[in-house]
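Structure, as structure tokens:
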Amino acid sequence: MDRIRHYFPDMTPEQDRQMAALDALYRDWNSKINVISRKDIDNLYLHHVLHSLAIARGFKFTAGTRIIDLGTGGGFPGIPLAIMFPDCRFTLVDSIGKKVRVAEDIARQIGLTNVVCRHERAEEEKDRFDFMVSRGVMPMPDLYQITQRLIDRKSQTNVYPNGIICLKGGDLSGELQKFRNIAEVTPICTLFPDEDYFTEKNIVYVPVR
């Protein structure tokens with residue numbers, strides 16, 4: 001939690017309370033359902049919360065922005081981002097019902113009122129959004145093909161065009177070949193320079209026009 005406060009010193013007391021509550025809640029759920037690797041639960045704030053918040057360091061969403069978190073699992077990156085952007089609307093989607101229940105319960109227990117959780121596949125979603133966020137769900141060409149219809153091309157309220165924002169690691173040259181002229185890749189280590197864990201991890205942004 002100290003890392004979160006270090007990189008986000010302007011959090012409100014309510015945001016700090018919500019972030020701090022995640023540890024006990026995820027530990028409790030993890031004792032029932034393997035939402036996070038049991039070997040990794042002690043690294044919750046670095047490997048999962050701070051990783052999710054890399055998007056908050058790179059993007060500042062305006063109030064009212066509609067964001068879908070596809071393949072949210074237990075709520076990453078959606079829940080940390082919903083804490084950080086309380087005036088935005090988040091829809092957390094996953095095809096695995098028990099993981100959706102975890103995200104829904106945690107959002108409820110920490111008092112998030114800007115989150116809706118849905119047990120469904122991306123193909124079943126009928127709403128439109130300004131941005132889609134995800135954490136390594138699938139290769140970008142597949143993700144783009146499935147989700148581009150969910151992006152509202154008419155409503156533009158942010159300084160950058162609506163589109164897809166993904167947290168991805170490793171060599172991306174192959175899967176981004178199709179998007180080489182429009183994709184923006186930001187190494188997360190430039191956003192959190194004191195954290196070796198983020199070496200070779202990136203934010204990938206692809207606008208959908």
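By convention in this document, the chains of the structure tokens carry letters A, B, ... by their order, each chain's residues are numbered from 1, and ligands are numbered from 1 in the order they are shown.
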Subject >> Residues within 12 Å of segment 36-50 of chain A, only C-alpha atoms, excluding chain neighbours under 2 positions, as a PyMOL selection string >> reply: chain A and resi 1-8+18-34+52-57+72-84+99+102+135+167+188-189+191-192+194-198+201
Can you write out the residues you just picked, keeping C-alpha atoms, as a short mmCIF file (atom, residue, chain, number, x, y, z; two decimals), in the first residue's frame?
data_model
loop_
_atom_site.label_atom_id
_atom_site.label_comp_id
_atom_site.auth_asym_id
_atom_site.auth_seq_id
_atom_site.Cartn_x
_atom_site.Cartn_y
_atom_site.Cartn_z
CA MET A 1 0.00 0.00 0.00
CA ASP A 2 2.94 2.33 0.59
CA ARG A 3 3.79 2.11 -3.10
CA ILE A 4 0.29 3.22 -4.04
CA ARG A 5 0.53 6.23 -1.75
CA HIS A 6 4.01 7.04 -3.08
CA TYR A 7 2.94 7.16 -6.72
CA PHE A 8 -0.53 8.62 -6.07
CA GLN A 18 -10.81 1.81 -0.46
CA MET A 19 -7.32 0.89 -1.67
CA ALA A 20 -6.24 -0.22 1.82
CA ALA A 21 -9.31 -2.44 2.15
CA LEU A 22 -8.39 -4.52 -0.90
CA ASP A 23 -5.76 -6.60 0.88
CA ALA A 24 -8.05 -8.23 3.45
CA LEU A 25 -10.88 -8.67 0.97
CA TYR A 26 -8.78 -10.38 -1.68
CA ARG A 27 -7.11 -12.59 0.93
CA ASP A 28 -10.52 -13.66 2.20
CA TRP A 29 -11.83 -14.45 -1.27
CA ASN A 30 -8.58 -16.15 -2.25
CA SER A 31 -9.02 -18.58 0.63
CA LYS A 32 -12.25 -19.72 -1.06
CA ILE A 33 -11.55 -19.23 -4.77
CA ASN A 34 -8.18 -19.09 -6.48
CA SER A 52 -3.59 -1.84 -12.96
CA LEU A 53 -2.95 1.76 -11.95
CA ALA A 54 -0.31 2.17 -14.64
CA ILE A 55 -3.27 3.10 -16.81
CA ALA A 56 -4.15 5.88 -14.36
CA ARG A 57 -0.60 7.24 -14.67
CA THR A 72 -11.64 -8.60 -15.49
CA GLY A 73 -11.13 -11.80 -13.50
CA GLY A 74 -11.38 -10.73 -9.87
CA GLY A 75 -11.48 -7.05 -10.81
CA PHE A 76 -8.20 -6.04 -12.46
CA PRO A 77 -7.61 -3.47 -13.76
CA GLY A 78 -11.20 -2.31 -13.28
CA ILE A 79 -11.53 -2.00 -9.51
CA PRO A 80 -8.32 -0.01 -8.87
CA LEU A 81 -9.18 2.25 -11.80
CA ALA A 82 -12.74 2.74 -10.54
CA ILE A 83 -11.32 3.82 -7.18
CA MET A 84 -9.02 6.28 -8.90
CA LYS A 99 -14.69 -14.42 -10.67
CA VAL A 102 -15.58 -11.75 -6.44
CA ARG A 135 -4.83 -7.06 -18.68
CA LEU A 167 -1.54 -4.04 -20.12
CA ILE A 188 5.43 0.89 -17.43
CA CYS A 189 8.92 1.16 -15.95
CA LEU A 191 5.81 5.44 -15.04
CA PHE A 192 7.02 3.57 -11.95
CA ASP A 194 11.58 2.45 -8.81
CA GLU A 195 9.90 -0.89 -9.56
CA ASP A 196 11.98 -3.55 -11.33
CA TYR A 197 8.90 -5.74 -11.59
CA PHE A 198 7.61 -3.68 -14.50
CA LYS A 201 5.66 -4.60 -19.15
#
Subject >> Secondary structure check, helix (DSSP H, G or I) residues of segment 11-127 of chain A, as number ranges by chain >> reply: A: 13-30, 41-58, 78-84, 97-109, 122-124
Original post:
What is the atom CA of Arg121 of chain A to atom CA of Tyr205 of chain A distance in Å?
Top reply: 21.9 Å
**OP:** Rank nothing, just name the residue among A:Leu112, A:Ile146, A:Met140, A:Leu172 nearest to Glu14 of chain A, using only C-alpha atoms.
**Re:**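 Among A:Leu112, A:Ile146, A:Met140, A:Leu172, it is A:Leu112 that comes nearest to Glu14 of chain A.
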Taking the backbone alone, and naming residues the way the document does, which bits of chain A are strand (DSSP E or B) by DSSP, as an mmCIF file with all heavy atoms, in the first residue's frame?
data_model
loop_
_atom_site.group_PDB
_atom_site.id
_atom_site.type_symbol
_atom_site.label_atom_id
_atom_site.label_comp_id
_atom_site.auth_asym_id
_atom_site.auth_seq_id
_atom_site.Cartn_x
_atom_site.Cartn_y
_atom_site.Cartn_z
ATOM 1 N N ARG A 66 -17.021 6.290 -20.100
ATOM 2 C CA ARG A 66 -17.537 4.922 -19.960
ATOM 3 C C ARG A 66 -16.420 3.941 -20.322
ATOM 4 O O ARG A 66 -15.897 3.988 -21.438
ATOM 5 C CB ARG A 66 -18.735 4.722 -20.874
ATOM 6 C CG ARG A 66 -19.905 5.674 -20.613
ATOM 7 C CD ARG A 66 -20.814 5.760 -21.826
ATOM 8 N NE ARG A 66 -20.106 6.289 -22.982
ATOM 9 C CZ ARG A 66 -20.576 6.223 -24.233
ATOM 10 N NH1 ARG A 66 -21.739 5.654 -24.479
ATOM 11 N NH2 ARG A 66 -19.877 6.732 -25.230
ATOM 12 N N ILE A 67 -16.109 3.047 -19.404
ATOM 13 C CA ILE A 67 -14.976 2.143 -19.580
ATOM 14 C C ILE A 67 -15.424 0.717 -19.312
ATOM 15 O O ILE A 67 -16.051 0.438 -18.284
ATOM 16 C CB ILE A 67 -13.832 2.521 -18.617
ATOM 17 C CG1 ILE A 67 -13.370 3.962 -18.887
ATOM 18 C CG2 ILE A 67 -12.656 1.550 -18.761
ATOM 19 C CD1 ILE A 67 -12.530 4.556 -17.778
ATOM 20 N N ILE A 68 -15.098 -0.191 -20.235
ATOM 21 C CA ILE A 68 -15.374 -1.608 -20.025
ATOM 22 C C ILE A 68 -14.055 -2.329 -19.769
ATOM 23 O O ILE A 68 -13.071 -2.128 -20.483
ATOM 24 C CB ILE A 68 -16.121 -2.244 -21.229
ATOM 25 C CG1 ILE A 68 -16.392 -3.726 -20.958
ATOM 26 C CG2 ILE A 68 -15.389 -2.017 -22.544
ATOM 27 C CD1 ILE A 68 -17.325 -4.382 -21.976
ATOM 28 N N ASP A 69 -14.030 -3.132 -18.721
ATOM 29 C CA ASP A 69 -12.874 -3.961 -18.389
ATOM 30 C C ASP A 69 -13.213 -5.374 -18.842
ATOM 31 O O ASP A 69 -14.026 -6.065 -18.225
ATOM 32 C CB ASP A 69 -12.614 -3.916 -16.882
ATOM 33 C CG ASP A 69 -11.501 -4.858 -16.437
ATOM 34 O OD1 ASP A 69 -10.849 -5.484 -17.302
ATOM 35 O OD2 ASP A 69 -11.281 -4.983 -15.220
ATOM 36 N N LEU A 70 -12.592 -5.798 -19.936
ATOM 37 C CA LEU A 70 -12.901 -7.090 -20.525
ATOM 38 C C LEU A 70 -11.976 -8.168 -19.969
ATOM 39 O O LEU A 70 -10.759 -8.014 -19.982
ATOM 40 C CB LEU A 70 -12.756 -7.012 -22.047
ATOM 41 C CG LEU A 70 -13.147 -8.270 -22.815
ATOM 42 C CD1 LEU A 70 -14.632 -8.574 -22.639
ATOM 43 C CD2 LEU A 70 -12.820 -8.107 -24.296
ATOM 44 N N ARG A 89 -17.602 5.713 -15.316
ATOM 45 C CA ARG A 89 -18.477 4.545 -15.173
ATOM 46 C C ARG A 89 -17.759 3.303 -15.700
ATOM 47 O O ARG A 89 -17.299 3.284 -16.851
ATOM 48 C CB ARG A 89 -19.782 4.777 -15.933
ATOM 49 C CG ARG A 89 -20.660 5.857 -15.301
ATOM 50 C CD ARG A 89 -21.885 6.125 -16.149
ATOM 51 N NE ARG A 89 -21.555 6.897 -17.345
ATOM 52 C CZ ARG A 89 -22.358 7.054 -18.384
ATOM 53 N NH1 ARG A 89 -23.544 6.456 -18.399
ATOM 54 N NH2 ARG A 89 -22.001 7.787 -19.410
ATOM 55 N N PHE A 90 -17.679 2.284 -14.872
ATOM 56 C CA PHE A 90 -16.942 1.071 -15.218
ATOM 57 C C PHE A 90 -17.884 -0.131 -15.309
ATOM 58 O O PHE A 90 -18.712 -0.350 -14.417
ATOM 59 C CB PHE A 90 -15.863 0.783 -14.174
ATOM 60 C CG PHE A 90 -14.702 1.736 -14.228
ATOM 61 C CD1 PHE A 90 -14.777 2.978 -13.608
ATOM 62 C CD2 PHE A 90 -13.541 1.399 -14.906
ATOM 63 C CE1 PHE A 90 -13.716 3.871 -13.669
ATOM 64 C CE2 PHE A 90 -12.477 2.277 -14.974
ATOM 65 C CZ PHE A 90 -12.562 3.513 -14.351
ATOM 66 N N THR A 91 -17.723 -0.903 -16.371
ATOM 67 C CA THR A 91 -18.430 -2.166 -16.535
ATOM 68 C C THR A 91 -17.390 -3.279 -16.571
ATOM 69 O O THR A 91 -16.536 -3.305 -17.457
ATOM 70 C CB THR A 91 -19.261 -2.180 -17.834
ATOM 71 O OG1 THR A 91 -20.217 -1.112 -17.784
ATOM 72 C CG2 THR A 91 -19.986 -3.504 -18.005
ATOM 73 N N LEU A 92 -17.438 -4.173 -15.580
ATOM 74 C CA LEU A 92 -16.461 -5.250 -15.453
ATOM 75 C C LEU A 92 -17.088 -6.537 -15.969
ATOM 76 O O LEU A 92 -18.133 -6.972 -15.461
ATOM 77 C CB LEU A 92 -16.025 -5.421 -14.000
ATOM 78 C CG LEU A 92 -14.939 -4.465 -13.467
ATOM 79 C CD1 LEU A 92 -15.285 -3.014 -13.688
ATOM 80 C CD2 LEU A 92 -14.670 -4.741 -11.993
ATOM 81 N N VAL A 93 -16.457 -7.131 -16.983
ATOM 82 C CA VAL A 93 -17.034 -8.278 -17.685
ATOM 83 C C VAL A 93 -16.087 -9.462 -17.628
ATOM 84 O O VAL A 93 -14.871 -9.318 -17.838
ATOM 85 C CB VAL A 93 -17.330 -7.910 -19.157
ATOM 86 C CG1 VAL A 93 -17.726 -9.141 -19.966
ATOM 87 C CG2 VAL A 93 -18.416 -6.854 -19.236
ATOM 88 N N ASP A 94 -16.640 -10.634 -17.346
ATOM 89 C CA ASP A 94 -15.853 -11.863 -17.421
ATOM 90 C C ASP A 94 -16.783 -13.029 -17.723
ATOM 91 O O ASP A 94 -17.958 -13.012 -17.323
ATOM 92 C CB ASP A 94 -15.094 -12.123 -16.121
ATOM 93 C CG ASP A 94 -13.870 -13.013 -16.344
ATOM 94 O OD1 ASP A 94 -14.044 -14.243 -16.462
ATOM 95 O OD2 ASP A 94 -12.743 -12.470 -16.416
ATOM 96 N N VAL A 115 -19.462 1.099 -10.489
ATOM 97 C CA VAL A 115 -19.070 -0.182 -11.078
ATOM 98 C C VAL A 115 -20.291 -1.075 -11.267
ATOM 99 O O VAL A 115 -21.118 -1.221 -10.366
ATOM 100 C CB VAL A 115 -18.039 -0.909 -10.181
ATOM 101 C CG1 VAL A 115 -17.831 -2.351 -10.633
ATOM 102 C CG2 VAL A 115 -16.709 -0.167 -10.207
ATOM 103 N N VAL A 116 -20.376 -1.675 -12.452
ATOM 104 C CA VAL A 116 -21.346 -2.721 -12.750
ATOM 105 C C VAL A 116 -20.569 -3.947 -13.195
ATOM 106 O O VAL A 116 -19.642 -3.838 -14.009
ATOM 107 C CB VAL A 116 -22.323 -2.285 -13.864
ATOM 108 C CG1 VAL A 116 -23.208 -3.450 -14.290
ATOM 109 C CG2 VAL A 116 -23.174 -1.117 -13.412
ATOM 110 N N CYS A 117 -20.904 -5.128 -12.662
ATOM 111 C CA CYS A 117 -20.219 -6.371 -13.027
ATOM 112 C C CYS A 117 -21.183 -7.256 -13.813
ATOM 113 O O CYS A 117 -22.352 -7.405 -13.430
ATOM 114 C CB CYS A 117 -19.735 -7.103 -11.778
ATOM 115 S SG CYS A 117 -18.519 -6.172 -10.815
ATOM 116 N N ARG A 118 -20.671 -7.849 -14.895
ATOM 117 C CA ARG A 118 -21.524 -8.684 -15.742
ATOM 118 C C ARG A 118 -20.841 -10.006 -16.071
ATOM 119 O O ARG A 118 -19.674 -10.027 -16.476
ATOM 120 C CB ARG A 118 -21.862 -7.948 -17.043
ATOM 121 C CG ARG A 118 -22.752 -6.734 -16.846
ATOM 122 C CD ARG A 118 -23.017 -5.991 -18.136
ATOM 123 N NE ARG A 118 -23.849 -4.811 -17.908
ATOM 124 C CZ ARG A 118 -24.019 -3.836 -18.778
ATOM 125 N NH1 ARG A 118 -23.423 -3.897 -19.962
ATOM 126 N NH2 ARG A 118 -24.785 -2.799 -18.486
ATOM 127 N N HIS A 119 -21.597 -11.091 -15.893
ATOM 128 C CA HIS A 119 -21.129 -12.423 -16.258
ATOM 129 C C HIS A 119 -21.561 -12.686 -17.693
ATOM 130 O O HIS A 119 -22.709 -13.040 -17.964
ATOM 131 C CB HIS A 119 -21.734 -13.464 -15.304
ATOM 132 C CG HIS A 119 -21.403 -14.869 -15.683
ATOM 133 N ND1 HIS A 119 -22.196 -15.947 -15.354
ATOM 134 C CD2 HIS A 119 -20.344 -15.382 -16.381
ATOM 135 C CE1 HIS A 119 -21.653 -17.058 -15.825
ATOM 136 N NE2 HIS A 119 -20.539 -16.740 -16.460
ATOM 137 N N PHE A 129 -18.974 1.984 -25.279
ATOM 138 C CA PHE A 129 -18.063 2.547 -24.298
ATOM 139 C C PHE A 129 -17.063 3.473 -24.981
ATOM 140 O O PHE A 129 -16.850 3.406 -26.192
ATOM 141 C CB PHE A 129 -17.320 1.417 -23.576
ATOM 142 C CG PHE A 129 -18.229 0.432 -22.916
ATOM 143 C CD1 PHE A 129 -18.694 -0.678 -23.610
ATOM 144 C CD2 PHE A 129 -18.665 0.631 -21.614
ATOM 145 C CE1 PHE A 129 -19.561 -1.592 -23.021
ATOM 146 C CE2 PHE A 129 -19.526 -0.272 -21.010
ATOM 147 C CZ PHE A 129 -19.974 -1.382 -21.722
ATOM 148 N N PHE A 131 -13.805 3.597 -23.768
ATOM 149 C CA PHE A 131 -12.553 2.842 -23.740
ATOM 150 C C PHE A 131 -12.789 1.414 -23.263
ATOM 151 O O PHE A 131 -13.663 1.166 -22.434
ATOM 152 C CB PHE A 131 -11.510 3.516 -22.830
ATOM 153 C CG PHE A 131 -11.041 4.840 -23.343
ATOM 154 C CD1 PHE A 131 -11.658 6.012 -22.937
ATOM 155 C CD2 PHE A 131 -9.985 4.917 -24.239
ATOM 156 C CE1 PHE A 131 -11.243 7.245 -23.423
ATOM 157 C CE2 PHE A 131 -9.562 6.144 -24.737
ATOM 158 C CZ PHE A 131 -10.192 7.309 -24.323
ATOM 159 N N MET A 132 -11.991 0.517 -23.792
ATOM 160 C CA MET A 132 -11.921 -0.841 -23.286
ATOM 161 C C MET A 132 -10.549 -1.012 -22.663
ATOM 162 O O MET A 132 -9.534 -0.646 -23.261
ATOM 163 C CB MET A 132 -12.107 -1.849 -24.416
ATOM 164 C CG MET A 132 -12.277 -3.299 -23.944
ATOM 165 S SD MET A 132 -10.732 -4.104 -23.508
ATOM 166 C CE MET A 132 -9.947 -4.193 -25.102
ATOM 167 N N VAL A 133 -10.493 -1.525 -21.440
ATOM 168 C CA VAL A 133 -9.215 -1.824 -20.795
ATOM 169 C C VAL A 133 -9.150 -3.319 -20.525
ATOM 170 O O VAL A 133 -10.181 -3.983 -20.338
ATOM 171 C CB VAL A 133 -9.031 -1.032 -19.473
ATOM 172 C CG1 VAL A 133 -9.025 0.466 -19.741
ATOM 173 C CG2 VAL A 133 -10.102 -1.404 -18.441
ATOM 174 N N SER A 134 -7.932 -3.862 -20.503
ATOM 175 C CA SER A 134 -7.778 -5.278 -20.186
ATOM 176 C C SER A 134 -6.344 -5.525 -19.759
ATOM 177 O O SER A 134 -5.449 -4.720 -20.005
ATOM 178 C CB SER A 134 -8.147 -6.171 -21.374
ATOM 179 O OG SER A 134 -7.120 -6.171 -22.342
ATOM 180 N N ARG A 135 -6.159 -6.685 -19.157
ATOM 181 C CA ARG A 135 -4.827 -7.058 -18.684
ATOM 182 C C ARG A 135 -4.454 -8.413 -19.278
ATOM 183 O O ARG A 135 -4.752 -9.466 -18.722
ATOM 184 C CB ARG A 135 -4.815 -7.117 -17.153
ATOM 185 C CG ARG A 135 -3.411 -7.140 -16.569
ATOM 186 C CD ARG A 135 -3.416 -6.852 -15.085
ATOM 187 N NE ARG A 135 -3.997 -7.909 -14.297
ATOM 188 C CZ ARG A 135 -3.503 -8.347 -13.139
ATOM 189 N NH1 ARG A 135 -2.408 -7.792 -12.643
ATOM 190 N NH2 ARG A 135 -4.096 -9.295 -12.462
ATOM 191 N N ILE A 151 -16.749 0.115 -28.995
ATOM 192 C CA ILE A 151 -16.223 1.473 -28.812
ATOM 193 C C ILE A 151 -17.087 2.481 -29.543
ATOM 194 O O ILE A 151 -17.338 2.370 -30.744
ATOM 195 C CB ILE A 151 -14.765 1.562 -29.310
ATOM 196 C CG1 ILE A 151 -13.881 0.534 -28.598
ATOM 197 C CG2 ILE A 151 -14.229 2.975 -29.095
ATOM 198 C CD1 ILE A 151 -13.829 0.674 -27.102
ATOM 199 N N GLY A 163 -10.779 4.226 -27.582
ATOM 200 C CA GLY A 163 -10.069 3.061 -28.094
ATOM 201 C C GLY A 163 -9.806 2.008 -27.046
ATOM 202 O O GLY A 163 -10.499 1.921 -26.026
ATOM 203 N N ILE A 164 -8.777 1.216 -27.303
ATOM 204 C CA ILE A 164 -8.432 0.048 -26.505
ATOM 205 C C ILE A 164 -7.131 0.316 -25.752
ATOM 206 O O ILE A 164 -6.152 0.772 -26.352
ATOM 207 C CB ILE A 164 -8.277 -1.185 -27.413
ATOM 208 C CG1 ILE A 164 -9.623 -1.514 -28.084
ATOM 209 C CG2 ILE A 164 -7.757 -2.392 -26.646
ATOM 210 C CD1 ILE A 164 -9.522 -2.568 -29.177
ATOM 211 N N ILE A 165 -7.134 0.034 -24.449
ATOM 212 C CA ILE A 165 -5.947 0.219 -23.614
ATOM 213 C C ILE A 165 -5.667 -1.110 -22.914
ATOM 214 O O ILE A 165 -6.502 -1.605 -22.156
ATOM 215 C CB ILE A 165 -6.158 1.329 -22.564
ATOM 216 C CG1 ILE A 165 -6.547 2.641 -23.228
ATOM 217 C CG2 ILE A 165 -4.893 1.515 -21.726
ATOM 218 C CD1 ILE A 165 -6.996 3.720 -22.250
ATOM 219 N N CYS A 166 -4.495 -1.676 -23.184
ATOM 220 C CA CYS A 166 -4.162 -2.996 -22.644
ATOM 221 C C CYS A 166 -2.857 -2.964 -21.868
ATOM 222 O O CYS A 166 -1.935 -2.217 -22.211
ATOM 223 C CB CYS A 166 -4.018 -4.023 -23.770
ATOM 224 S SG CYS A 166 -5.530 -4.325 -24.650
ATOM 225 N N LEU A 167 -2.785 -3.795 -20.844
ATOM 226 C CA LEU A 167 -1.539 -4.044 -20.124
ATOM 227 C C LEU A 167 -0.953 -5.326 -20.679
ATOM 228 O O LEU A 167 -1.571 -6.387 -20.602
ATOM 229 C CB LEU A 167 -1.820 -4.174 -18.622
ATOM 230 C CG LEU A 167 -2.384 -2.912 -17.953
ATOM 231 C CD1 LEU A 167 -2.901 -3.240 -16.554
ATOM 232 C CD2 LEU A 167 -1.339 -1.809 -17.897
ATOM 233 N N LYS A 168 0.244 -5.215 -21.256
ATOM 234 C CA LYS A 168 0.847 -6.364 -21.932
ATOM 235 C C LYS A 168 2.335 -6.434 -21.631
ATOM 236 O O LYS A 168 2.982 -5.411 -21.411
ATOM 237 C CB LYS A 168 0.632 -6.290 -23.445
ATOM 238 C CG LYS A 168 -0.788 -6.626 -23.882
ATOM 239 C CD LYS A 168 -0.890 -6.676 -25.382
ATOM 240 C CE LYS A 168 -2.179 -7.353 -25.815
ATOM 241 N NZ LYS A 168 -2.198 -8.794 -25.538
ATOM 242 N N GLY A 169 2.873 -7.653 -21.673
ATOM 243 C CA GLY A 169 4.290 -7.837 -21.412
ATOM 244 C C GLY A 169 5.000 -8.531 -22.555
ATOM 245 O O GLY A 169 4.371 -9.064 -23.470
ATOM 246 N N GLU A 184 0.271 3.043 -29.651
ATOM 247 C CA GLU A 184 1.228 3.729 -28.780
ATOM 248 C C GLU A 184 1.597 2.785 -27.640
ATOM 249 O O GLU A 184 0.715 2.293 -26.944
ATOM 250 C CB GLU A 184 0.631 5.020 -28.228
ATOM 251 C CG GLU A 184 0.321 6.065 -29.295
ATOM 252 C CD GLU A 184 -0.237 7.342 -28.694
ATOM 253 O OE1 GLU A 184 -0.128 7.516 -27.455
ATOM 254 O OE2 GLU A 184 -0.787 8.162 -29.458
ATOM 255 N N VAL A 185 2.892 2.550 -27.464
ATOM 256 C CA VAL A 185 3.374 1.637 -26.437
ATOM 257 C C VAL A 185 4.162 2.424 -25.404
ATOM 258 O O VAL A 185 5.129 3.103 -25.735
ATOM 259 C CB VAL A 185 4.249 0.524 -27.039
ATOM 260 C CG1 VAL A 185 4.758 -0.415 -25.949
ATOM 261 C CG2 VAL A 185 3.476 -0.260 -28.102
ATOM 262 N N THR A 186 3.740 2.341 -24.150
ATOM 263 C CA THR A 186 4.415 3.039 -23.059
ATOM 264 C C THR A 186 4.982 2.024 -22.079
ATOM 265 O O THR A 186 4.217 1.281 -21.447
ATOM 266 C CB THR A 186 3.435 3.963 -22.308
ATOM 267 O OG1 THR A 186 2.845 4.887 -23.223
ATOM 268 C CG2 THR A 186 4.157 4.723 -21.199
ATOM 269 N N PRO A 187 6.309 1.943 -21.933
ATOM 270 C CA PRO A 187 6.883 1.043 -20.931
ATOM 271 C C PRO A 187 6.465 1.472 -19.526
ATOM 272 O O PRO A 187 6.626 2.627 -19.148
ATOM 273 C CB PRO A 187 8.394 1.190 -21.138
ATOM 274 C CG PRO A 187 8.548 1.734 -22.527
ATOM 275 C CD PRO A 187 7.347 2.613 -22.736
ATOM 276 N N LYS A 201 7.125 -4.713 -19.191
ATOM 277 C CA LYS A 201 5.663 -4.605 -19.152
ATOM 278 C C LYS A 201 5.264 -3.244 -19.717
ATOM 279 O O LYS A 201 5.938 -2.239 -19.487
ATOM 280 C CB LYS A 201 5.136 -4.792 -17.728
ATOM 281 C CG LYS A 201 5.275 -6.223 -17.224
ATOM 282 C CD LYS A 201 4.730 -6.372 -15.819
ATOM 283 C CE LYS A 201 4.656 -7.847 -15.416
ATOM 284 N NZ LYS A 201 5.953 -8.519 -15.480
ATOM 285 N N ASN A 202 4.158 -3.221 -20.439
ATOM 286 C CA ASN A 202 3.789 -2.027 -21.205
ATOM 287 C C ASN A 202 2.299 -1.726 -21.128
ATOM 288 O O ASN A 202 1.481 -2.602 -20.839
ATOM 289 C CB ASN A 202 4.137 -2.223 -22.688
ATOM 290 C CG ASN A 202 5.577 -2.605 -22.917
ATOM 291 O OD1 ASN A 202 6.471 -1.770 -22.874
ATOM 292 N ND2 ASN A 202 5.813 -3.898 -23.162
ATOM 293 N N ILE A 203 1.983 -0.456 -21.421
ATOM 294 C CA ILE A 203 0.616 -0.070 -21.753
ATOM 295 C C ILE A 203 0.553 0.058 -23.267
ATOM 296 O O ILE A 203 1.381 0.745 -23.873
ATOM 297 C CB ILE A 203 0.222 1.282 -21.134
ATOM 298 C CG1 ILE A 203 0.373 1.257 -19.612
ATOM 299 C CG2 ILE A 203 -1.207 1.644 -21.507
ATOM 300 C CD1 ILE A 203 0.138 2.614 -18.983
ATOM 301 N N VAL A 204 -0.411 -0.598 -23.869
ATOM 302 C CA VAL A 204 -0.631 -0.486 -25.326
ATOM 303 C C VAL A 204 -1.963 0.207 -25.571
ATOM 304 O O VAL A 204 -2.996 -0.242 -25.057
ATOM 305 C CB VAL A 204 -0.623 -1.870 -26.003
ATOM 306 C CG1 VAL A 204 -0.880 -1.725 -27.495
ATOM 307 C CG2 VAL A 204 0.707 -2.588 -25.756
ATOM 308 N N TYR A 205 -1.923 1.275 -26.306
ATOM 309 C CA TYR A 205 -3.125 2.031 -26.634
ATOM 310 C C TYR A 205 -3.333 2.005 -28.150
ATOM 311 O O TYR A 205 -2.433 2.365 -28.926
ATOM 312 C CB TYR A 205 -3.000 3.468 -26.143
ATOM 313 C CG TYR A 205 -3.978 4.452 -26.782
ATOM 314 C CD1 TYR A 205 -5.348 4.280 -26.674
ATOM 315 C CD2 TYR A 205 -3.501 5.565 -27.479
ATOM 316 C CE1 TYR A 205 -6.231 5.174 -27.260
ATOM 317 C CE2 TYR A 205 -4.372 6.473 -28.060
ATOM 318 C CZ TYR A 205 -5.728 6.271 -27.944
ATOM 319 O OH TYR A 205 -6.603 7.162 -28.531
ATOM 320 N N VAL A 206 -4.515 1.569 -28.566
ATOM 321 C CA VAL A 206 -4.877 1.553 -29.978
ATOM 322 C C VAL A 206 -6.189 2.298 -30.142
ATOM 323 O O VAL A 206 -7.235 1.845 -29.636
ATOM 324 C CB VAL A 206 -5.013 0.109 -30.507
ATOM 325 C CG1 VAL A 206 -5.508 0.130 -31.960
ATOM 326 C CG2 VAL A 206 -3.687 -0.631 -30.418
ATOM 327 N N PRO A 207 -6.194 3.447 -30.816
ATOM 328 C CA PRO A 207 -7.458 4.163 -31.035
ATOM 329 C C PRO A 207 -8.351 3.401 -32.001
ATOM 330 O O PRO A 207 -7.877 2.688 -32.884
ATOM 331 C CB PRO A 207 -6.994 5.499 -31.634
ATOM 332 C CG PRO A 207 -5.671 5.197 -32.261
ATOM 333 C CD PRO A 207 -5.037 4.134 -31.416
#
Subject >> atom CA of Gly136 of chain A to atom CA of Lys60 of chain A, straight-line distance in Å >> reply: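 If I compute the distance from atom CA of Lys60 of chain A to atom CA of Gly136 of chain A, I get 21.1 Å.
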